[in-house]
Each structure stands twice: as structure tokens, then as C-alpha cells.
Amino acid sequence: MANTTGLKSYFQFKNVDWGSMMSATWETVWMTLLSMVAIVILGIILGLILYETRSKSGVGYRILNWIVGLFVNIFRSIPFIILIILLLPITMKLAGTIIGPRAALPSLIISAAPFYARMVESYFREVDSGVLEAAESMGATTWEIITKVLLPESKPALIAGATVTTISLIGYTAMAGAIGAGGLGNLAYQDGFQASNNTVTLVATVIICLFVFIVQFVGDVFVKITDKRTL
């Protein structure tokens, strides 16, 4: 009978189903990466709308800014576990199921995209106004300013923000796994906690930490590559 108490219970590696561990690791990785692609795209769009409409005087711009700001503030303030439950009908409609990794995607995206959008807006505000004014004086269109000035100038910050968001998202996938979304969180809860198998919980935790370290390292490398101040 396996020892389920004391420090020794964390190091009984013969009790680990490594096939299931690898499968859960892959689920966590693809949930995180696929969600981040959507989060970066949606976050940049929302952040750009907030930035471009904040100082416009037209009624339409003010209404659009208020609507987008309200969406961002509401979904940024809802705890992730509650958001998963709140979005169950939408998840069922979009994914066709409320369990498994695919079912976690809507909640992961909707919870993290507003957070990243606010970061994007703040990064755009930090772009040197002199650079923007110079582009405008040379007759650049709004689209040209966005694509050739705003985005390139804020690229290091955007990557750094995406790195922070990705790390938060890894934690979200673990929480989602605890209620049946798959991944390492689900394995740690069902095969670890509920089965009193501390080794499974420890191994899942170590893998999640390694994933975080890799994401942070890769993010830091890309920030250094794109930051003109480090060249």
C-alpha cells in the first residue's frame, strides 16, 4: 500500500502514470498557446480602440470607448472560476461540450483578453508623442501611424505584456482543470489530490513551473531582440 502521508509520499514516482502526465502536459501547452494567439489579437484590437477613441471628440467615438471600456472592466474584474460557470451556456454553444480542454478556451480568452487590452492601451500611451507628431506632419494616415509607428515602437512592451499574460494564463488553465477542463490542473486534482497521490501533484506542479520558466525566458529573449535600446 502506498504511503500517502509525510514527505516520502511526494517521491513515490512509481505511482505516476507518465503517459497520462505527458498527455496532460500537452493539453496545458496547447490550451495556453492557442488561447494566447486569440488573446494577443483581441487584446491589441481592444487596446487600440481604447487608445484611438480616448481623446476623440465625436459622440460615436465616446460611445465606442465607453462600450469597449465597460466590456474590459467587467470581464477583467470577474474571478476566473466564476467566469467559467457564467460562460457555461456559451461554451456549450461554441465548443459543443462543457468539459475538456476545448471547453476551457472561451473562458481563458474572455478572462485574459481584457487584462491584456488594458496593458496594450497603456503601452500605446507611452509611445513618444514627438514620433507620432512627426509622422502626422509627414502626411501619414491613421493606418500608417498604427502599423509603422505605434506598433513597432511599442513592440518590446507588447511582448513583455504578452509574456506576463501567458504566465497568468498557465495558472488559469490549472484552475480550469480542477473543474474538468483537462491539462495538468485536472490531473493534479483528480489523480493527485482526490487519489491521495502526492507524487502526481508534485510532478504536475514542477512541470507547470518549468513551463512558466520557459515562457519567461523566451519572452525576455524576444524583448531584448526587439528593444532598440539594447542594440
# chains A, B, ... in the order shown; residues from 1 in each chain; ligands from 1

call {"tool": "residues_around", "arguments": {"residues": "range 197-206 of chain A", "least_positions_apart": "3", "cutoff": "6 Å", "atoms": "only C-alpha atoms", "output": "NGL selection string"}}
result
:A and (9-12 or 16 or 184 or 188 or 192 or 209)

call {"tool": "write_last_selection", "arguments": {"atoms": "C-alpha atoms", "output": "short mmCIF file (atom, residue, chain, number, x, y, z; two decimals), in the first residue's frame"}}
result
data_model
loop_
_atom_site.label_atom_id
_atom_site.label_comp_id
_atom_site.auth_asym_id
_atom_site.auth_seq_id
_atom_site.Cartn_x
_atom_site.Cartn_y
_atom_site.Cartn_z
CA SER A 9 4.63 10.45 -0.18
CA TYR A 10 5.89 13.12 -2.61
CA PHE A 11 8.64 10.92 -4.04
CA GLN A 12 6.91 7.64 -4.90
CA VAL A 16 2.90 8.25 -11.56
CA LEU A 184 -2.13 19.35 -15.59
CA ALA A 188 -3.19 17.10 -10.21
CA GLY A 192 -3.28 13.63 -7.26
CA CYS A 209 6.78 25.77 -13.01
#

call {"tool": "select_by_dssp", "arguments": {"residues": "range 119-220 of chain A", "states": "alpha helix (DSSP H)", "output": "PyMOL selection string"}}
result
chain A and resi 119-125+129-137+142-145+151-153+155-177+183-187+198-220

call {"tool": "closest_atom_pairs", "arguments": {"of": "range 66-157 of chain A", "to": "range 44-53 of chain A", "cutoff": "8 Å", "atoms": "only C-alpha atoms", "output": "JSON lines"}}
result
{"residue": "A:Val68", "atom": "CA", "partner": "A:Leu50", "partner_atom": "CA", "distance": 7.0}
{"residue": "A:Gly69", "atom": "CA", "partner": "A:Leu50", "partner_atom": "CA", "distance": 7.0}
{"residue": "A:Pro114", "atom": "CA", "partner": "A:Leu46", "partner_atom": "CA", "distance": 7.7}
{"residue": "A:Tyr116", "atom": "CA", "partner": "A:Ile44", "partner_atom": "CA", "distance": 7.8}
{"residue": "A:Ala117", "atom": "CA", "partner": "A:Gly47", "partner_atom": "CA", "distance": 4.4}
{"residue": "A:Arg118", "atom": "CA", "partner": "A:Gly47", "partner_atom": "CA", "distance": 6.0}
{"residue": "A:Met119", "atom": "CA", "partner": "A:Gly47", "partner_atom": "CA", "distance": 7.5}
{"residue": "A:Val120", "atom": "CA", "partner": "A:Gly47", "partner_atom": "CA", "distance": 5.1}
{"residue": "A:Glu121", "atom": "CA", "partner": "A:Gly47", "partner_atom": "CA", "distance": 4.5}
{"residue": "A:Phe124", "atom": "CA", "partner": "A:Tyr51", "partner_atom": "CA", "distance": 7.0}
{"residue": "A:Arg125", "atom": "CA", "partner": "A:Tyr51", "partner_atom": "CA", "distance": 7.3}

call {"tool": "write_last_selection", "arguments": {"atoms": "C-alpha atoms", "output": "mmCIF file, in the first residue's frame"}}
result
data_model
loop_
_atom_site.group_PDB
_atom_site.id
_atom_site.type_symbol
_atom_site.label_atom_id
_atom_site.label_comp_id
_atom_site.auth_asym_id
_atom_site.auth_seq_id
_atom_site.Cartn_x
_atom_site.Cartn_y
_atom_site.Cartn_z
ATOM 1 C CA VAL A 68 -15.263 48.760 -25.011
ATOM 2 C CA GLY A 69 -14.086 50.129 -21.664
ATOM 3 C CA PRO A 114 -9.419 42.409 -21.308
ATOM 4 C CA TYR A 116 -4.032 42.371 -21.942
ATOM 5 C CA ALA A 117 -6.113 45.069 -23.660
ATOM 6 C CA ARG A 118 -5.560 47.485 -20.761
ATOM 7 C CA MET A 119 -1.854 46.754 -20.885
ATOM 8 C CA VAL A 120 -1.816 47.412 -24.637
ATOM 9 C CA GLU A 121 -3.592 50.737 -24.168
ATOM 10 C CA PHE A 124 0.455 52.857 -26.705
ATOM 11 C CA ARG A 125 0.182 55.882 -24.405
#

call {"tool": "residues_around", "arguments": {"residues": "Ser168 in chain A", "least_positions_apart": "2", "cutoff": "12 Å", "atoms": "only C-alpha atoms", "output": "ChimeraX atom specification"}}
result
/A:32,35-36,80,108-109,111-113,115-116,161-166,170-175,208-209,211-212,215-216

call {"tool": "write_last_selection", "arguments": {"atoms": "C-alpha atoms", "output": "JSON list (two decimals), in the first residue's frame"}}
result
[["chain", "number", "residue", "atom", "x", "y", "z"],
["A", 32, "THR", "CA", -2.20, 28.09, -23.33],
["A", 35, "SER", "CA", -5.62, 30.92, -26.18],
["A", 36, "MET", "CA", -2.70, 33.35, -26.29],
["A", 80, "PHE", "CA", -11.90, 33.17, -13.26],
["A", 108, "LEU", "CA", -9.50, 31.55, -20.94],
["A", 109, "ILE", "CA", -9.73, 34.00, -23.83],
["A", 111, "SER", "CA", -10.82, 36.35, -18.97],
["A", 112, "ALA", "CA", -7.33, 37.30, -20.19],
["A", 113, "ALA", "CA", -8.02, 39.41, -23.29],
["A", 115, "PHE", "CA", -6.41, 42.25, -18.98],
["A", 116, "TYR", "CA", -4.03, 42.37, -21.94],
["A", 161, "GLY", "CA", 2.91, 42.17, -21.57],
["A", 162, "ALA", "CA", 2.09, 39.04, -23.57],
["A", 163, "THR", "CA", 4.67, 37.14, -21.52],
["A", 164, "VAL", "CA", 3.08, 38.24, -18.24],
["A", 165, "THR", "CA", -0.38, 37.37, -19.59],
["A", 166, "THR", "CA", 0.79, 33.94, -20.74],
["A", 170, "ILE", "CA", -0.98, 28.99, -17.28],
["A", 171, "GLY", "CA", -2.39, 29.45, -13.78],
["A", 172, "TYR", "CA", -5.88, 29.82, -15.26],
["A", 173, "THR", "CA", -5.52, 26.51, -17.14],
["A", 174, "ALA", "CA", -4.66, 24.80, -13.85],
["A", 175, "MET", "CA", -7.76, 26.27, -12.19],
["A", 208, "ILE", "CA", 3.89, 23.87, -14.63],
["A", 209, "CYS", "CA", 6.78, 25.77, -13.01],
["A", 211, "PHE", "CA", 6.60, 25.83, -18.38],
["A", 212, "VAL", "CA", 6.45, 29.23, -16.67],
["A", 215, "VAL", "CA", 7.78, 31.20, -21.23],
["A", 216, "GLN", "CA", 9.54, 33.91, -19.19]]

call {"tool": "closest_atom_pairs", "arguments": {"of": "range 129-196 of chain A", "to": "range 19-26 of chain A", "cutoff": "10 Å", "atoms": "only C-alpha atoms", "output": "CSV"}}
result
residue,atom,partner,partner_atom,distance
A:Gly177,CA,A:Ala24,CA,9.7
A:Gly182,CA,A:Ala24,CA,6.8
A:Gly183,CA,A:Ala24,CA,4.2
A:Leu184,CA,A:Ala24,CA,5.0
A:Gly185,CA,A:Ala24,CA,8.3
A:Asn186,CA,A:Ala24,CA,8.0
A:Leu187,CA,A:Ala24,CA,6.8
A:Ala188,CA,A:Met21,CA,9.3
A:Asp191,CA,A:Ser20,CA,9.7

call {"tool": "closest_residue", "arguments": {"among": "A:Thr97, A:Thr226, A:Ser137, A:Gln190", "to": "Glu153 in chain A", "atoms": "only C-alpha atoms"}}
result
A:Thr226

call {"tool": "closest_residue", "arguments": {"among": "A:Ile41, A:Asp17, A:Ser154, A:Ala103", "to": "Ala176 in chain A", "atoms": "only C-alpha atoms"}}
result
A:Ala103

call {"tool": "atom_distance", "arguments": {"atom1": "CA of Gly180 in chain A", "atom2": "CA of Ile90 in chain A"}}
result
16.5 Å

call {"tool": "closest_residue", "arguments": {"among": "A:Ser107, A:Thr142, A:Ser129, A:Asn65", "to": "Leu88 in chain A", "atoms": "only C-alpha atoms"}}
result
A:Ser107

call {"tool": "atom_distance", "arguments": {"atom1": "CA of Val37 in chain A", "atom2": "CA of Arg102 in chain A"}}
result
14.6 Å

call {"tool": "atom_distance", "arguments": {"atom1": "CA of Ile82 in chain A", "atom2": "CA of Met31 in chain A"}}
result
19.1 Å

call {"tool": "residues_around", "arguments": {"residues": "Phe75 in chain A", "least_positions_apart": "2", "cutoff": "8 Å", "atoms": "only C-alpha atoms", "output": "mmCIF file with C-alpha atoms, in the first residue's frame"}}
result
data_model
loop_
_atom_site.group_PDB
_atom_site.id
_atom_site.type_symbol
_atom_site.label_atom_id
_atom_site.label_comp_id
_atom_site.auth_asym_id
_atom_site.auth_seq_id
_atom_site.Cartn_x
_atom_site.Cartn_y
_atom_site.Cartn_z
ATOM 1 C CA PHE A 71 -16.569 45.250 -21.523
ATOM 2 C CA VAL A 72 -12.912 45.283 -20.498
ATOM 3 C CA ASN A 73 -13.602 46.418 -16.936
ATOM 4 C CA SER A 77 -12.985 42.031 -12.610
ATOM 5 C CA ILE A 78 -14.814 38.674 -12.612
ATOM 6 C CA ILE A 110 -12.504 36.168 -22.383
ATOM 7 C CA SER A 111 -10.820 36.353 -18.974
ATOM 8 C CA PRO A 114 -9.419 42.409 -21.308
#
